[in-house]
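Report on the following structure.
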Amino acid sequence: MTGDRRGRPRPQRGYRDRRGHRPAPRKQGPRRPPTRDPARRAAFDALRAVTERDAYANLILPELLRQRRITGRDAALATELTYGTARATGLLDAIVARCVDRKLDTVDPVVRDALRLGAYQLLRTRIPHHAAVASTVDLVREDAGSRVAGFVNAVLRRVSEKDEQQWLAELTADSSDPLADLALRTSHPRWIARAFAEALGDKGDELRAALEADDARPAVHLLAKPGQISAEELAAITGGDVAPYSPYGVHLPSGGGDLAESEVIEEGLATVQDEGSQLVAVASVNAPLGDAADGRDTRWLDLCAGPGGKTVVLGCLAQTMGATVDAVEVAEHRARLVREATDGLPVTVHVTDGRAPELDGDYDRVLVDAPCSGLGALRRRPEARWRKQPGDIAELTRLQTELLASAYRLVRPGGVVTYVVCSPHLAETEGVVMASAQRLGAELIDARVAFPGVPHLGDGPTVQLWPHRHGTDAMFCAMLRKPA
Ligand SMILES: C[S@@+](CC[C@H](N)C(=O)[O-])C[C@H]1O[C@@H](n2cnc3c(N)ncnc32)[C@H](O)[C@@H]1O
């Protein structure tokens with residue numbers, strides 16, 4: 001991303017918002033002097049981009065820091081403030097709403113973002129109150145003038161009269177809804193807390209642990225590309241730790257985000273990938289095949305490949321095992337990312353609809369990493385929990401069911417379809433899988449056997465990974481074998 005004349009984020013060539021659109025150019029406003037507070041200015045501009053143009057915080061902020069050459073402590077502060085504020089939006093809004101004398105949604109969005117940023121600093125950081133208030137007021141004055149700056153000053157002073165626990169006590173005092181209270185405390189919309197509770201079968205301690213883990217900033221995980229570098233070598237180079245479960249994983253130390261830019265990534269030996277994603281991709285290659293086709297295991301299909309994270313794992317393993325991978329992706333720009341990520345690997349990319357691709361079929365293994373709500377990766381996408389809607393789920397489950405049926409048509413007798421979603425929502429996981437297995441006449445095999453050494457996998461036959469149990473995203477995995 002590049003900045004406009006006022007130093008605010010302007011999309012770089014190639015940047016797209018979450019709907020795949022290029023954002024419209026910003027209107028030019030009056031010039032203002034360069035800011036003396038680059039960290040908070042970057043955080044505020046990133047939050048504005050999230051609100052105004054549906055940007056993703058975890059894409060826009062790093063671009064902004066690079067473009068403005070913000071590093072070190074300033075970069076760390078900007079990151080903490082941006083991601084923390086975006087994650088805690090629901091709680092911050094509930095508190096700020098108690099401190100304004102009108103409905104919060106009638107407050108100018110610029111002012112609302114500033115109030116969130118200021119309230120976050122007051123409630124969840126050690127920044128002295130006077131600095132949190134004054135720095136936020138300065139930002140608003142720069143962008144919106146002195147009159148609203150006075151308003152922000154007054155509201156933040158009211159916020160600062162109580163700490164987070166006191167505010168929570170006040171907000172929940174008359175509540176008879178423990179789930180809503182827990183959701184508020186852990187910065188989740190209630191419907192997502194409920195989805196977690198239903199998947200865990202627990203509304204008590206484990207639910208609290210799951211929501212708290214989902215609200216914490218996750219470690220950066222790297223994939224040591226199989227056959228190209230070992231996890232031990234990668235850990236030694238990056239100063240990270242070998243991951244507990246993935247044979248190809250490395251966890252970077254906290255604050256190791258810059259290492260993700262390191263030479264091993266530029267040289268193509270490693271890439272950033274959550275350990276849970278690595279585990280399900282490897283599991284799809286470990287799944288036990290039936291004994292038809294003389295045990296052949298050379299034709300693999302990745303039916304929902306973009307942007308190619310798991311295709312890289314499949315491609316690297318295929319290279320060492322003498323197999324080939326067909327990778328299907330419906331969106332051209334995402335297919336291009338798959339091509340770039342798998343350059344040099346035995347992978348052929350097809351831009352087509354996975355529900356009816358013109359492929360020969362007869363695959364030994366098919367991975368369906370289906371489009372999903374992404375409720376399992378909320379910790380990596382700070383603002384996402386406040387954008388998603390429960391109404392999104394029904395349409396997704398239809399698409400997931402169709403893609404799974406297509407995968408099943410394309411697998412040979414004795415072959416295995418591995419169905420994966422990055423979500424613990426029961427409609428997208430057990431709901432899709434159980435109904436499909438029954439309708440298709442598929443054998444649901446125990447997916448746990450494809451996760452050797454991974455504890456706490458429950459009763460099977462499906463696998464649900466969790467941040468609080470495994471330190472991974474909440475990936476779900478099921479395996480359907482076609483009778484031989
Ligand atoms: C969860 S993402 C896959 C992530 C990918 N496997 C990875 O590890 O990087 C789902 C992908 O499916 C693609 N998709 C959506 N509908 C599709 C369809 N009908 N056919 C094929 N791909 C589809 C989306 O564009 C998206 O890239």
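Residue numbering restarts at 1 for every chain of the structure tokens, chains are lettered A, B, ... in their displayed order, and ligands are numbered from 1 as they appear.
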For the interface of chain A with ligand 1 (cut-off 8 Å, counting only C-alpha atoms and all ligand atoms), please tabulate each contacting residue of chain A alongside its nearest pair of atoms and their separation in Å to one decimal, rows sorted by chain and increasing number, as a tab-separated table.
residue	atom	partner	partner_atom_place_in_ligand_line	distance
A:Ser277	CA	ligand 1	8 (O)	6.8
A:Asp302	CA	ligand 1	6 (N)	7.4
A:Leu303	CA	ligand 1	21 (C)	6.0
A:Cys304	CA	ligand 1	12 (O)	4.0
A:Ala305	CA	ligand 1	6 (N)	4.2
A:Gly306	CA	ligand 1	27 (O)	3.7
A:Pro307	CA	ligand 1	9 (O)	4.3
A:Gly308	CA	ligand 1	9 (O)	3.9
A:Gly309	CA	ligand 1	9 (O)	3.5
A:Lys310	CA	ligand 1	8 (O)	3.9
A:Thr311	CA	ligand 1	8 (O)	6.4
A:Val328	CA	ligand 1	21 (C)	5.8
A:Glu329	CA	ligand 1	22 (N)	4.1
A:Val330	CA	ligand 1	21 (C)	4.3
A:Ala331	CA	ligand 1	25 (O)	5.2
A:Arg334	CA	ligand 1	27 (O)	5.9
A:Ala335	CA	ligand 1	27 (O)	7.8
A:Val338	CA	ligand 1	9 (O)	7.9
A:Val351	CA	ligand 1	21 (C)	7.9
A:Thr352	CA	ligand 1	21 (C)	6.3
A:Asp353	CA	ligand 1	20 (N)	3.8
A:Gly354	CA	ligand 1	20 (N)	3.5
A:Arg355	CA	ligand 1	19 (N)	5.4
A:Val368	CA	ligand 1	6 (N)	7.7
A:Asp369	CA	ligand 1	6 (N)	5.0
A:Ala370	CA	ligand 1	10 (C)	4.9
A:Pro371	CA	ligand 1	10 (C)	3.9
A:Cys372	CA	ligand 1	1 (C)	6.2
A:Gly374	CA	ligand 1	1 (C)	7.8
A:Leu399	CA	ligand 1	19 (N)	7.1
A:Leu403	CA	ligand 1	19 (N)	6.8
A:Val421	CA	ligand 1	1 (C)	6.7
A:Cys422	CA	ligand 1	1 (C)	7.0
Could you save the residues just selected, with N, CA and C atoms, as a short mmCIF file (atom, residue, chain, number, x, y, z; two decimals), in the first residue's frame?
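The resulting file, out_31.cif, is reproduced below:
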data_model
loop_
_atom_site.label_atom_id
_atom_site.label_comp_id
_atom_site.auth_asym_id
_atom_site.auth_seq_id
_atom_site.Cartn_x
_atom_site.Cartn_y
_atom_site.Cartn_z
N SER A 277 -3.43 -26.15 9.70
CA SER A 277 -3.54 -26.32 8.25
C SER A 277 -2.53 -27.35 7.76
N ASP A 302 -6.72 -31.43 -5.36
CA ASP A 302 -7.03 -30.41 -4.35
C ASP A 302 -8.16 -29.56 -4.96
N LEU A 303 -9.37 -29.74 -4.44
CA LEU A 303 -10.54 -29.21 -5.15
C LEU A 303 -10.84 -27.73 -4.86
N CYS A 304 -10.30 -27.20 -3.77
CA CYS A 304 -10.52 -25.79 -3.41
C CYS A 304 -9.16 -25.23 -3.02
N ALA A 305 -8.35 -24.89 -3.99
CA ALA A 305 -6.92 -24.77 -3.75
C ALA A 305 -6.45 -23.37 -3.34
N GLY A 306 -7.15 -22.33 -3.80
CA GLY A 306 -6.62 -20.98 -3.60
C GLY A 306 -6.62 -20.55 -2.14
N PRO A 307 -5.60 -19.85 -1.68
CA PRO A 307 -4.42 -19.35 -2.40
C PRO A 307 -3.27 -20.33 -2.48
N GLY A 308 -3.45 -21.57 -2.02
CA GLY A 308 -2.44 -22.58 -2.31
C GLY A 308 -1.63 -23.06 -1.12
N GLY A 309 -2.02 -22.66 0.10
CA GLY A 309 -1.26 -23.08 1.28
C GLY A 309 -1.14 -24.60 1.38
N LYS A 310 -2.29 -25.27 1.30
CA LYS A 310 -2.25 -26.73 1.45
C LYS A 310 -1.78 -27.39 0.16
N THR A 311 -1.99 -26.74 -0.97
CA THR A 311 -1.48 -27.31 -2.23
C THR A 311 0.04 -27.43 -2.18
N VAL A 328 -7.70 -27.32 -8.24
CA VAL A 328 -8.84 -26.60 -8.81
C VAL A 328 -9.14 -25.37 -7.97
N GLU A 329 -9.38 -24.26 -8.64
CA GLU A 329 -9.76 -23.02 -7.94
C GLU A 329 -10.66 -22.22 -8.88
N VAL A 330 -11.79 -21.74 -8.34
CA VAL A 330 -12.77 -21.08 -9.20
C VAL A 330 -12.39 -19.63 -9.50
N ALA A 331 -11.67 -18.98 -8.59
CA ALA A 331 -11.35 -17.55 -8.77
C ALA A 331 -9.98 -17.40 -9.44
N ARG A 334 -7.07 -16.05 -7.41
CA ARG A 334 -6.56 -16.99 -6.39
C ARG A 334 -5.84 -18.16 -7.05
N ALA A 335 -6.30 -18.55 -8.25
CA ALA A 335 -5.60 -19.61 -8.98
C ALA A 335 -4.17 -19.16 -9.32
N VAL A 338 -2.02 -19.79 -6.49
CA VAL A 338 -1.67 -21.22 -6.38
C VAL A 338 -0.51 -21.53 -7.33
N VAL A 351 -8.51 -23.54 -13.52
CA VAL A 351 -9.46 -22.51 -13.06
C VAL A 351 -10.85 -22.95 -13.49
N THR A 352 -11.58 -23.49 -12.55
CA THR A 352 -12.91 -24.02 -12.89
C THR A 352 -13.72 -24.21 -11.61
N ASP A 353 -15.00 -24.44 -11.78
CA ASP A 353 -15.88 -24.66 -10.62
C ASP A 353 -15.72 -26.10 -10.14
N GLY A 354 -15.32 -26.24 -8.90
CA GLY A 354 -15.07 -27.56 -8.34
C GLY A 354 -16.33 -28.42 -8.27
N ARG A 355 -17.49 -27.82 -8.44
CA ARG A 355 -18.72 -28.62 -8.38
C ARG A 355 -18.93 -29.42 -9.66
N VAL A 368 -10.87 -31.61 -0.03
CA VAL A 368 -11.86 -30.54 -0.19
C VAL A 368 -11.69 -29.59 0.99
N ASP A 369 -10.93 -28.53 0.80
CA ASP A 369 -10.73 -27.52 1.85
C ASP A 369 -11.76 -26.43 1.56
N ALA A 370 -12.99 -26.70 1.97
CA ALA A 370 -14.14 -25.97 1.44
C ALA A 370 -14.21 -24.52 1.93
N PRO A 371 -14.78 -23.63 1.11
CA PRO A 371 -15.08 -22.28 1.58
C PRO A 371 -15.95 -22.39 2.84
N CYS A 372 -15.67 -21.61 3.85
CA CYS A 372 -16.41 -21.76 5.11
C CYS A 372 -16.49 -20.43 5.83
N GLY A 374 -14.99 -19.58 8.43
CA GLY A 374 -13.70 -19.16 9.00
C GLY A 374 -13.77 -18.91 10.50
N LEU A 399 -22.99 -25.04 -0.48
CA LEU A 399 -21.81 -25.12 -1.34
C LEU A 399 -20.87 -26.24 -0.87
N LEU A 403 -19.67 -29.41 -3.12
CA LEU A 403 -18.26 -29.68 -3.40
C LEU A 403 -17.85 -31.07 -2.90
N VAL A 421 -12.77 -27.97 6.94
CA VAL A 421 -13.18 -26.56 7.03
C VAL A 421 -12.45 -25.94 8.22
N CYS A 422 -12.19 -24.64 8.11
CA CYS A 422 -11.56 -23.94 9.22
C CYS A 422 -12.67 -23.34 10.08
#
For this session: Extract, using only C-alpha atoms, all DNA, RNA and protein residues at most 9 Å from Val137 in chain A, discarding same-chain residues fewer than 6 positions from it, and format them as a PyMOL selection string.
Result: chain A and resi 114+118+146+148-153
For this session: Might you pull out every residue within 9 Å of range 192-198 of chain A, with only C-alpha atoms counted and same-chain residues fewer than 4 positions away left off, and present them as a PyMOL selection string?
Result: chain A and resi 179-180+182-183+188+202-204+206-207+210-211+375+385+390+424-426
For this session: May I have the residues within 9 Å of Gln389 in chain A as a list in words, using only C-alpha atoms and disregarding those fewer than 4 positions away in the same chain?
Result: Trp191, Ser373, Arg385 and Ile393 of chain A
Save the residues we just selected, C-alpha atoms, as a compact mmCIF listing (two decimals), in the first residue's frame?
# COMPACT_ATOMS: atom_id res chain seq x y z
CA TRP A 191 -23.82 -16.43 18.23
CA SER A 373 -17.31 -19.21 7.75
CA ARG A 385 -15.75 -11.91 14.20
CA ILE A 393 -23.88 -20.37 7.30
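Backbone DSSP of range 304-367 of chain A yields alpha helix (DSSP H) at Gly309, Lys310, Thr311, Val312, Val313, Leu314, Gly315, Cys316, Leu317, Ala318, Gln319, Thr320, Met321, Glu332, His333, Arg334, Ala335, Arg336, Leu337, Val338, Arg339, Glu340 and Ala341 of chain A.
Here CA of Ala235 in chain A stands at a distance of 14.0 Å from CA of Glu275 in chain A.
One distance worth recording is that between CA of Ala144 in chain A and CA of Val111 in chain A, which is 8.1 Å.
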Problem set entry | strand (DSSP E) residues, from DSSP on the backbone, in range 286-459 of chain A, as a VMD selection string | chain A and resid 299 to 302 324 to 329 347 to 351 363 to 369 411 to 421 443 to 445
Could you take the residues named above and write them with N, CA and C atoms, as a CSV table (one decimal), in the first residue's frame?
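again.csv, freshly written:
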chain,number,residue,atom,x,y,z
A,299,ARG,N,-2.3,-40.2,-7.9
A,299,ARG,CA,-3.1,-39.1,-8.5
A,299,ARG,C,-3.9,-38.4,-7.4
A,300,TRP,N,-3.6,-37.2,-7.1
A,300,TRP,CA,-4.2,-36.4,-6.0
A,300,TRP,C,-4.9,-35.2,-6.6
A,301,LEU,N,-6.0,-34.8,-5.9
A,301,LEU,CA,-6.7,-33.6,-6.4
A,301,LEU,C,-7.0,-32.7,-5.2
A,302,ASP,N,-6.7,-31.4,-5.4
A,302,ASP,CA,-7.0,-30.4,-4.3
A,302,ASP,C,-8.2,-29.6,-5.0
A,324,THR,N,1.3,-36.8,-8.5
A,324,THR,CA,1.0,-35.5,-9.1
A,324,THR,C,-0.3,-35.0,-8.5
A,325,VAL,N,-0.4,-33.6,-8.6
A,325,VAL,CA,-1.6,-33.0,-8.0
A,325,VAL,C,-2.3,-32.1,-9.0
A,326,ASP,N,-3.6,-32.3,-9.1
A,326,ASP,CA,-4.4,-31.3,-9.9
A,326,ASP,C,-5.0,-30.4,-8.8
A,327,ALA,N,-4.9,-29.1,-9.1
A,327,ALA,CA,-5.4,-28.1,-8.1
A,327,ALA,C,-6.5,-27.3,-8.8
A,328,VAL,N,-7.7,-27.3,-8.2
A,328,VAL,CA,-8.8,-26.6,-8.8
A,328,VAL,C,-9.1,-25.4,-8.0
A,329,GLU,N,-9.4,-24.3,-8.6
A,329,GLU,CA,-9.8,-23.0,-7.9
A,329,GLU,C,-10.7,-22.2,-8.9
A,347,VAL,N,2.4,-29.9,-9.8
A,347,VAL,CA,1.0,-29.4,-9.6
A,347,VAL,C,0.5,-28.8,-10.9
A,348,THR,N,-0.7,-29.1,-11.3
A,348,THR,CA,-1.3,-28.5,-12.4
A,348,THR,C,-2.6,-27.7,-11.9
A,349,VAL,N,-2.6,-26.5,-12.2
A,349,VAL,CA,-3.7,-25.6,-11.7
A,349,VAL,C,-4.8,-25.5,-12.8
A,350,HIS,N,-6.1,-25.7,-12.4
A,350,HIS,CA,-7.3,-25.6,-13.3
A,350,HIS,C,-8.2,-24.5,-12.7
A,351,VAL,N,-8.5,-23.5,-13.5
A,351,VAL,CA,-9.5,-22.5,-13.1
A,351,VAL,C,-10.8,-23.0,-13.5
A,363,TYR,N,-9.3,-40.3,-9.0
A,363,TYR,CA,-8.2,-39.8,-8.1
A,363,TYR,C,-8.1,-40.8,-6.9
A,364,ASP,N,-6.9,-40.9,-6.5
A,364,ASP,CA,-6.6,-41.8,-5.3
A,364,ASP,C,-7.0,-41.0,-4.0
A,365,ARG,N,-6.7,-39.7,-4.1
A,365,ARG,CA,-7.0,-38.8,-2.9
A,365,ARG,C,-7.6,-37.5,-3.4
A,366,VAL,N,-8.6,-37.0,-2.7
A,366,VAL,CA,-9.1,-35.7,-3.0
A,366,VAL,C,-9.2,-34.9,-1.7
A,367,LEU,N,-8.6,-33.7,-1.7
A,367,LEU,CA,-8.8,-32.8,-0.5
A,367,LEU,C,-9.8,-31.7,-0.9
A,368,VAL,N,-10.9,-31.6,0.0
A,368,VAL,CA,-11.9,-30.5,-0.2
A,368,VAL,C,-11.7,-29.6,1.0
A,369,ASP,N,-10.9,-28.5,0.8
A,369,ASP,CA,-10.7,-27.5,1.9
A,369,ASP,C,-11.8,-26.4,1.6
A,411,VAL,N,-13.3,-39.4,-7.0
A,411,VAL,CA,-12.4,-40.3,-6.3
A,411,VAL,C,-12.6,-41.8,-6.8
A,412,ARG,N,-11.6,-42.5,-6.9
A,412,ARG,CA,-11.8,-43.9,-7.3
A,412,ARG,C,-12.3,-44.8,-6.2
A,413,PRO,N,-12.8,-46.0,-6.5
A,413,PRO,CA,-13.2,-46.9,-5.4
A,413,PRO,C,-11.9,-47.2,-4.6
A,414,GLY,N,-12.1,-47.1,-3.3
A,414,GLY,CA,-11.0,-47.3,-2.4
A,414,GLY,C,-10.2,-46.0,-2.1
A,415,GLY,N,-10.5,-45.0,-2.9
A,415,GLY,CA,-9.9,-43.7,-2.6
A,415,GLY,C,-10.5,-42.9,-1.5
A,416,VAL,N,-9.9,-41.9,-1.0
A,416,VAL,CA,-10.4,-41.2,0.2
A,416,VAL,C,-10.6,-39.7,-0.1
A,417,VAL,N,-11.7,-39.2,0.2
A,417,VAL,CA,-12.0,-37.7,0.2
A,417,VAL,C,-11.8,-37.2,1.6
A,418,THR,N,-10.9,-36.2,1.7
A,418,THR,CA,-10.7,-35.5,3.0
A,418,THR,C,-11.4,-34.2,3.0
A,419,TYR,N,-12.4,-34.0,3.9
A,419,TYR,CA,-13.2,-32.8,3.9
A,419,TYR,C,-12.7,-32.0,5.1
A,420,VAL,N,-12.3,-30.7,4.8
A,420,VAL,CA,-11.7,-29.8,5.8
A,420,VAL,C,-12.5,-28.5,5.8
A,421,VAL,N,-12.8,-28.0,6.9
A,421,VAL,CA,-13.2,-26.6,7.0
A,421,VAL,C,-12.5,-25.9,8.2
A,443,GLU,N,-18.0,-44.6,3.2
A,443,GLU,CA,-17.5,-45.1,4.5
A,443,GLU,C,-16.8,-44.0,5.2
A,444,LEU,N,-17.3,-43.7,6.4
A,444,LEU,CA,-16.7,-42.6,7.2
A,444,LEU,C,-15.5,-43.2,8.0
A,445,ILE,N,-14.3,-43.0,7.6
A,445,ILE,CA,-13.2,-43.7,8.3
A,445,ILE,C,-12.7,-42.8,9.5
Using only C-alpha atoms, I'd like a table of the residues in range 144-231 of chain A that come within 9 Å of range 82-98 of chain A; for each, show the closest atom pair and its distance in Å rounded to one decimal, ordered by chain and ascending number, as CSV.
residue,atom,partner,partner_atom,distance
A:Val155,CA,A:Val96,CA,7.4
A:Leu156,CA,A:Val96,CA,8.0
A:Arg158,CA,A:Val96,CA,8.7
A:Val159,CA,A:Val96,CA,6.7
A:Glu164,CA,A:Ile95,CA,8.9
A:Trp167,CA,A:Ile95,CA,6.8
A:Leu168,CA,A:Ile95,CA,8.4
A:Leu171,CA,A:Ile95,CA,7.8
A:Leu184,CA,A:Leu91,CA,5.8
A:Arg185,CA,A:Leu91,CA,7.3
A:Thr186,CA,A:Ala88,CA,8.1
A:Ser187,CA,A:Ala88,CA,5.1
A:His188,CA,A:Gly90,CA,7.2
A:Pro189,CA,A:Gly90,CA,7.3
A:Asp215,CA,A:Arg87,CA,7.2
A:Arg217,CA,A:Tyr83,CA,8.3
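Counting only C-alpha atoms and comparing A:Ala49, A:Ala216, A:Ile265, A:Leu222, the residue that lies closest to His251 in chain A is A:Leu222.
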For this session: Would you list the contacts of Leu223 in chain A as a ChimeraX atom specification, taking every protein, DNA or RNA residue within 10 Å and counting only C-alpha atoms, but skipping same-chain residues closer than 6 positions in sequence?
Result: /A:229-231,234,243,246-251,265,269-275,277-278,309,312-313
Residue contacts of range 446-462 of chain A (7 Å, only C-alpha atoms) excluding same-chain residues fewer than 3 positions away, as a compact mmCIF listing (two decimals) with C-alpha atoms, in the first residue's frame:
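The resulting file, out_16.txt, is shown below:
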# COMPACT_ATOMS: atom_id res chain seq x y z
CA TYR A 245 2.56 -31.94 16.20
CA ALA A 283 -3.52 -36.06 7.11
CA ASN A 286 -1.86 -40.18 5.43
CA ALA A 287 -5.50 -41.30 5.09
CA CYS A 477 -11.34 -32.83 9.25
CA ALA A 478 -13.42 -35.81 8.11
CA MET A 479 -12.50 -38.68 5.76
